[in-house]
Amino acid sequence: MKRKLVSMTLALMMGISLTACGSGGDDKPAADGGNTSTEDQAGDTGAADEGAGDTGAADEGAGDSGSSAEVANKDKPLVWFNRQPSNSSTGELDMTALSFNEDTYYVGFDANQGAELQGTMIKEYIEANIDSIDRNGDGVIGYVLAIGDIGHNDSIARTRGVRKALGTGIEKDGDINSDPVGTNTDGSASAVQDGSIEVNGKTYVVRELASQEMKNSAGATWDAATAGNAIGTWSSSFGDSIDVIASNNDGMGMSMFNAWSKDNKVPTFGYDANSDAVAAIAEGYGGTISQHADVQAYLTLRVLRNALDGVDIDTGIGTADDAGNVLSDDVFVYNEEQRSYYALNVAVTSDNYNDFTDSTKVYEPVSKQLDAGAHPSKKVWLNIYNASDNFLSSTYQPLLQNYDDLMNLEVDYIGGDGQTESNITNRLGNPGQYDAFAINMVKTDNAASYTALLSQ
């Protein structure tokens with residue numbers, strides 16, 4: 001439920017003392033916050049439209065959240081989403097953050113399953129188009145790879161998925177090496193090896209010509225502009241040797257597609273099924289992966305709704321709620337030990353892209369309105385780590401805004417700059433006025449920056 005402005009007159013009549021939620025003055029998402037993302041165009045409009053700043057929170061007032069005042073902040077429902085609390089170097093899950101209280105969960109997607117899908121999609125495309133894909137006829141299928149964030153589990157999984165499917169991966173510490181190679185036109189890089197694909201009795205070499213982390217000068221990762229610059233450099237250096245472009249996400253993939261590969265008819269493969277990427281499949285974009293954002297957004301708010309209602313966590317998820325909302329087991333899995341819900345992924349190609357053209361449409365099986373009497377209005381603080389993140393701002397947040405009405409939740413949407421946690425945590429100055437929290441960290445290591453605030 002979108003935030004409703006409470007007039008000062010009404011506030012005075014009710015004897016409510018309004019309190020701002022943060023320490024800053026203007027809490028609109030930073031327009032120059034860095035194009036990180038999974039995703040990377042200026043999608044800050046949504047967060048700004050929701051009035052993600054201190055002023056909006058003050059207008060809402062703290063007086064209507066009496067239930068919040070009776071519960072310590074450390075005991076309120078908390079969901080981490082999109083960025084799972086974990087060690088960015090080892091990938092080890094931060095179980096302290098994931099079990100912060102009895103109503104703490106994580107919502108994301110099955111990164112390994114999606115990564116394997118992306119790699120398989122690229123391999124099958126090469127095999128199906130082998131007669132035309134080797135642009136210079138040298139018998140080497142050359143690809144370049146845009147890496148989002150070398151310390152992000154999802155980015156690591158996607159890099160490994162591509163290399164595993166194409167046979168270019170080398171084992172390191174018991175898993176496929178996910179390090180960038182820089183340039184590798186001669187196949188001598190130590191982080192990868194030459195793979196091979198046999199089609200119609202002929203064997204082709206598969207080589208990762210180049211790869212790099214797309215981090216801009218301000219430190220923001222998953223940066224689309226950096227990816228666009230990279231393909232310009234790569235194409236100038238070894239142009240018609242590039243037969244395929246692989247990207248950890250659609251934000252970077254579309255930047256490279258628009259900058260070079262569309263005009264040169266080089267298939268580009270991304271991840272996220274952003275609307276612009278899905279539409280671009282008709283123009284030669286090779287394909288993308290839908291991480292079922294519609295299911296993820298639903299789960300993000302649903303676990304909070306269930307905790308606030310004091311019902312079984314599976315209500316409206318694996319078990320139908322009183323309105324008939326329920327998810328089938330082919331679109332999500334729950335890992336009880338990790339306290340984590342994972343949406344399952346779907347490959348989006350020229351065969352089925354018309355089914356994915358509206359990425360902000362709610363998932364029909366969970367689209368029924370909850371009764372306000374049985375599920376009274378509650379207030380939620382929710383942040384997007386980077387207001388310029390294409391996927392989160394143009395797909396995920398609009399979905400959340402569609403679901404919050406259905407679940408009778410008043411959500412304050414906070415847009416960060418993609419660079420520092422403090423840009424976000426400074427706007428959680430009065431957590432007492434909220435009933436629950438949904439947190440999307442800048443870095444997966446930094447859960448304590450938020451739990452420390454809630455523990456005060």
# chains A, B, ... in the order shown; residues from 1 in each chain; ligands from 1
call {"tool": "residues_around", "arguments": {"residues": "stretch 362-365 of chain A", "least_positions_apart": "4", "cutoff": "9 Å", "atoms": "only C-alpha atoms", "output": "ChimeraX atom specification"}}
result
/A:294-295,297-298,324-328,399-400,402-403
call {"tool": "write_last_selection", "arguments": {"atoms": "C-alpha atoms", "output": "mmCIF file, in the first residue's frame"}}
result
data_model
loop_
_atom_site.group_PDB
_atom_site.id
_atom_site.type_symbol
_atom_site.label_atom_id
_atom_site.label_comp_id
_atom_site.auth_asym_id
_atom_site.auth_seq_id
_atom_site.Cartn_x
_atom_site.Cartn_y
_atom_site.Cartn_z
ATOM 1 C CA ASP A 294 7.502 -11.689 -9.870
ATOM 2 C CA VAL A 295 7.855 -14.607 -7.457
ATOM 3 C CA ALA A 297 9.028 -9.752 -5.034
ATOM 4 C CA TYR A 298 5.973 -11.590 -3.766
ATOM 5 C CA GLY A 324 -6.453 -18.461 -2.335
ATOM 6 C CA ASN A 325 -2.893 -17.238 -3.029
ATOM 7 C CA VAL A 326 -0.398 -20.107 -3.372
ATOM 8 C CA LEU A 327 2.820 -20.894 -5.269
ATOM 9 C CA SER A 328 3.475 -24.203 -6.987
ATOM 10 C CA LEU A 399 6.565 -5.473 -8.642
ATOM 11 C CA LEU A 400 6.911 -4.760 -4.919
ATOM 12 C CA ASN A 402 2.051 -3.869 -7.001
ATOM 13 C CA TYR A 403 2.188 -6.475 -4.248
#
call {"tool": "select_by_dssp", "arguments": {"residues": "stretch 350-418 of chain A", "states": "alpha helix (DSSP H)", "output": "PyMOL selection string"}}
result
chain A and resi 390-391+397-406
call {"tool": "closest_residue", "arguments": {"among": "A:Leu370, A:Met252, A:Ile424, A:Ala282", "to": "A:Asn354", "atoms": "only C-alpha atoms"}}
result
A:Ala282
call {"tool": "atom_distance", "arguments": {"atom1": "atom CA of A:Gly169", "atom2": "atom CA of A:Ile289"}}
result
20.8 Å
call {"tool": "closest_residue", "arguments": {"among": "A:Ala220, A:Ala438, A:Leu145, A:Leu308", "to": "A:Ala246", "atoms": "only C-alpha atoms"}}
result
A:Leu145
call {"tool": "select_by_dssp", "arguments": {"residues": "stretch 387-421 of chain A", "states": "strand (DSSP E)", "output": "PyMOL selection string"}}
result
chain A and resi 409-415
call {"tool": "atom_distance", "arguments": {"atom1": "atom CA of A:Glu213", "atom2": "atom CA of A:His152"}}
result
11.0 Å
call {"tool": "closest_atom_pairs", "arguments": {"of": "stretch 223-326 of chain A", "to": "stretch 191-209 of chain A", "cutoff": "10 Å", "atoms": "only C-alpha atoms", "output": "Markdown table"}}
result
| residue | atom | partner | partner_atom | distance |
| --- | --- | --- | --- | --- |
| A:Trp234 | CA | A:Leu209 | CA | 8.8 |
| A:Phe238 | CA | A:Leu209 | CA | 8.6 |
| A:Ser241 | CA | A:Leu209 | CA | 8.3 |
| A:Ile242 | CA | A:Leu209 | CA | 7.6 |
| A:Asp243 | CA | A:Leu209 | CA | 9.9 |
| A:Val244 | CA | A:Glu208 | CA | 9.6 |
| A:Ile245 | CA | A:Glu208 | CA | 9.8 |
| A:Ala246 | CA | A:Glu208 | CA | 9.9 |
call {"tool": "write_last_selection", "arguments": {"atoms": "N, CA and C atoms", "output": "JSON list (two decimals), in the first residue's frame"}}
result
[["chain", "number", "residue", "atom", "x", "y", "z"],
["A", 234, "TRP", "N", 37.37, -3.77, -26.72],
["A", 234, "TRP", "CA", 37.56, -5.14, -27.20],
["A", 234, "TRP", "C", 37.34, -5.25, -28.71],
["A", 238, "PHE", "N", 40.15, -6.75, -31.26],
["A", 238, "PHE", "CA", 40.03, -8.05, -31.94],
["A", 238, "PHE", "C", 38.63, -8.26, -32.50],
["A", 241, "SER", "N", 36.93, -11.41, -34.33],
["A", 241, "SER", "CA", 37.17, -12.63, -33.55],
["A", 241, "SER", "C", 36.09, -12.84, -32.50],
["A", 242, "ILE", "N", 35.33, -11.77, -32.20],
["A", 242, "ILE", "CA", 34.25, -11.86, -31.20],
["A", 242, "ILE", "C", 33.01, -12.43, -31.88],
["A", 243, "ASP", "N", 32.63, -13.61, -31.46],
["A", 243, "ASP", "CA", 31.46, -14.27, -32.04],
["A", 243, "ASP", "C", 30.26, -14.26, -31.10],
["A", 244, "VAL", "N", 30.50, -14.13, -29.80],
["A", 244, "VAL", "CA", 29.44, -14.18, -28.79],
["A", 244, "VAL", "C", 29.81, -13.24, -27.66],
["A", 245, "ILE", "N", 28.80, -12.60, -27.06],
["A", 245, "ILE", "CA", 28.99, -11.79, -25.86],
["A", 245, "ILE", "C", 28.16, -12.40, -24.74],
["A", 246, "ALA", "N", 28.80, -12.63, -23.60],
["A", 246, "ALA", "CA", 28.09, -13.13, -22.41],
["A", 246, "ALA", "C", 28.21, -12.08, -21.32]]
call {"tool": "residues_around", "arguments": {"residues": "A:Val346", "least_positions_apart": "5", "cutoff": "9 Å", "atoms": "only C-alpha atoms", "output": "list of chain:residue names"}}
result
A:Gly114, A:Leu117, A:Thr288, A:Ile289, A:Ser290, A:Gln291, A:His292
call {"tool": "closest_atom_pairs", "arguments": {"of": "stretch 263-339 of chain A", "to": "stretch 382-394 of chain A", "cutoff": "9 Å", "atoms": "only C-alpha atoms", "output": "Markdown table"}}
result
| residue | atom | partner | partner_atom | distance |
| --- | --- | --- | --- | --- |
| A:Asp272 | CA | A:Phe391 | CA | 6.9 |
| A:Ala273 | CA | A:Phe391 | CA | 8.5 |
| A:Asn274 | CA | A:Phe391 | CA | 6.3 |
| A:Ser275 | CA | A:Ser394 | CA | 8.5 |
call {"tool": "closest_residue", "arguments": {"among": "A:Asn129, A:Thr226, A:Asn153, A:Asn258", "to": "A:Gly91", "atoms": "only C-alpha atoms"}}
result
A:Asn153
call {"tool": "atom_distance", "arguments": {"atom1": "atom CA of A:Val162", "atom2": "atom CA of A:Ser255"}}
result
19.3 Å
call {"tool": "residues_around", "arguments": {"residues": "A:Arg158", "least_positions_apart": "6", "cutoff": "9 Å", "atoms": "only C-alpha atoms", "output": "ChimeraX atom specification"}}
result
/A:111-112,114-116,118-119,147,178,247-249,271
call {"tool": "closest_residue", "arguments": {"among": "A:Leu409, A:Ile170, A:Leu301, A:Leu428", "to": "A:Tyr396", "atoms": "only C-alpha atoms"}}
result
A:Leu301
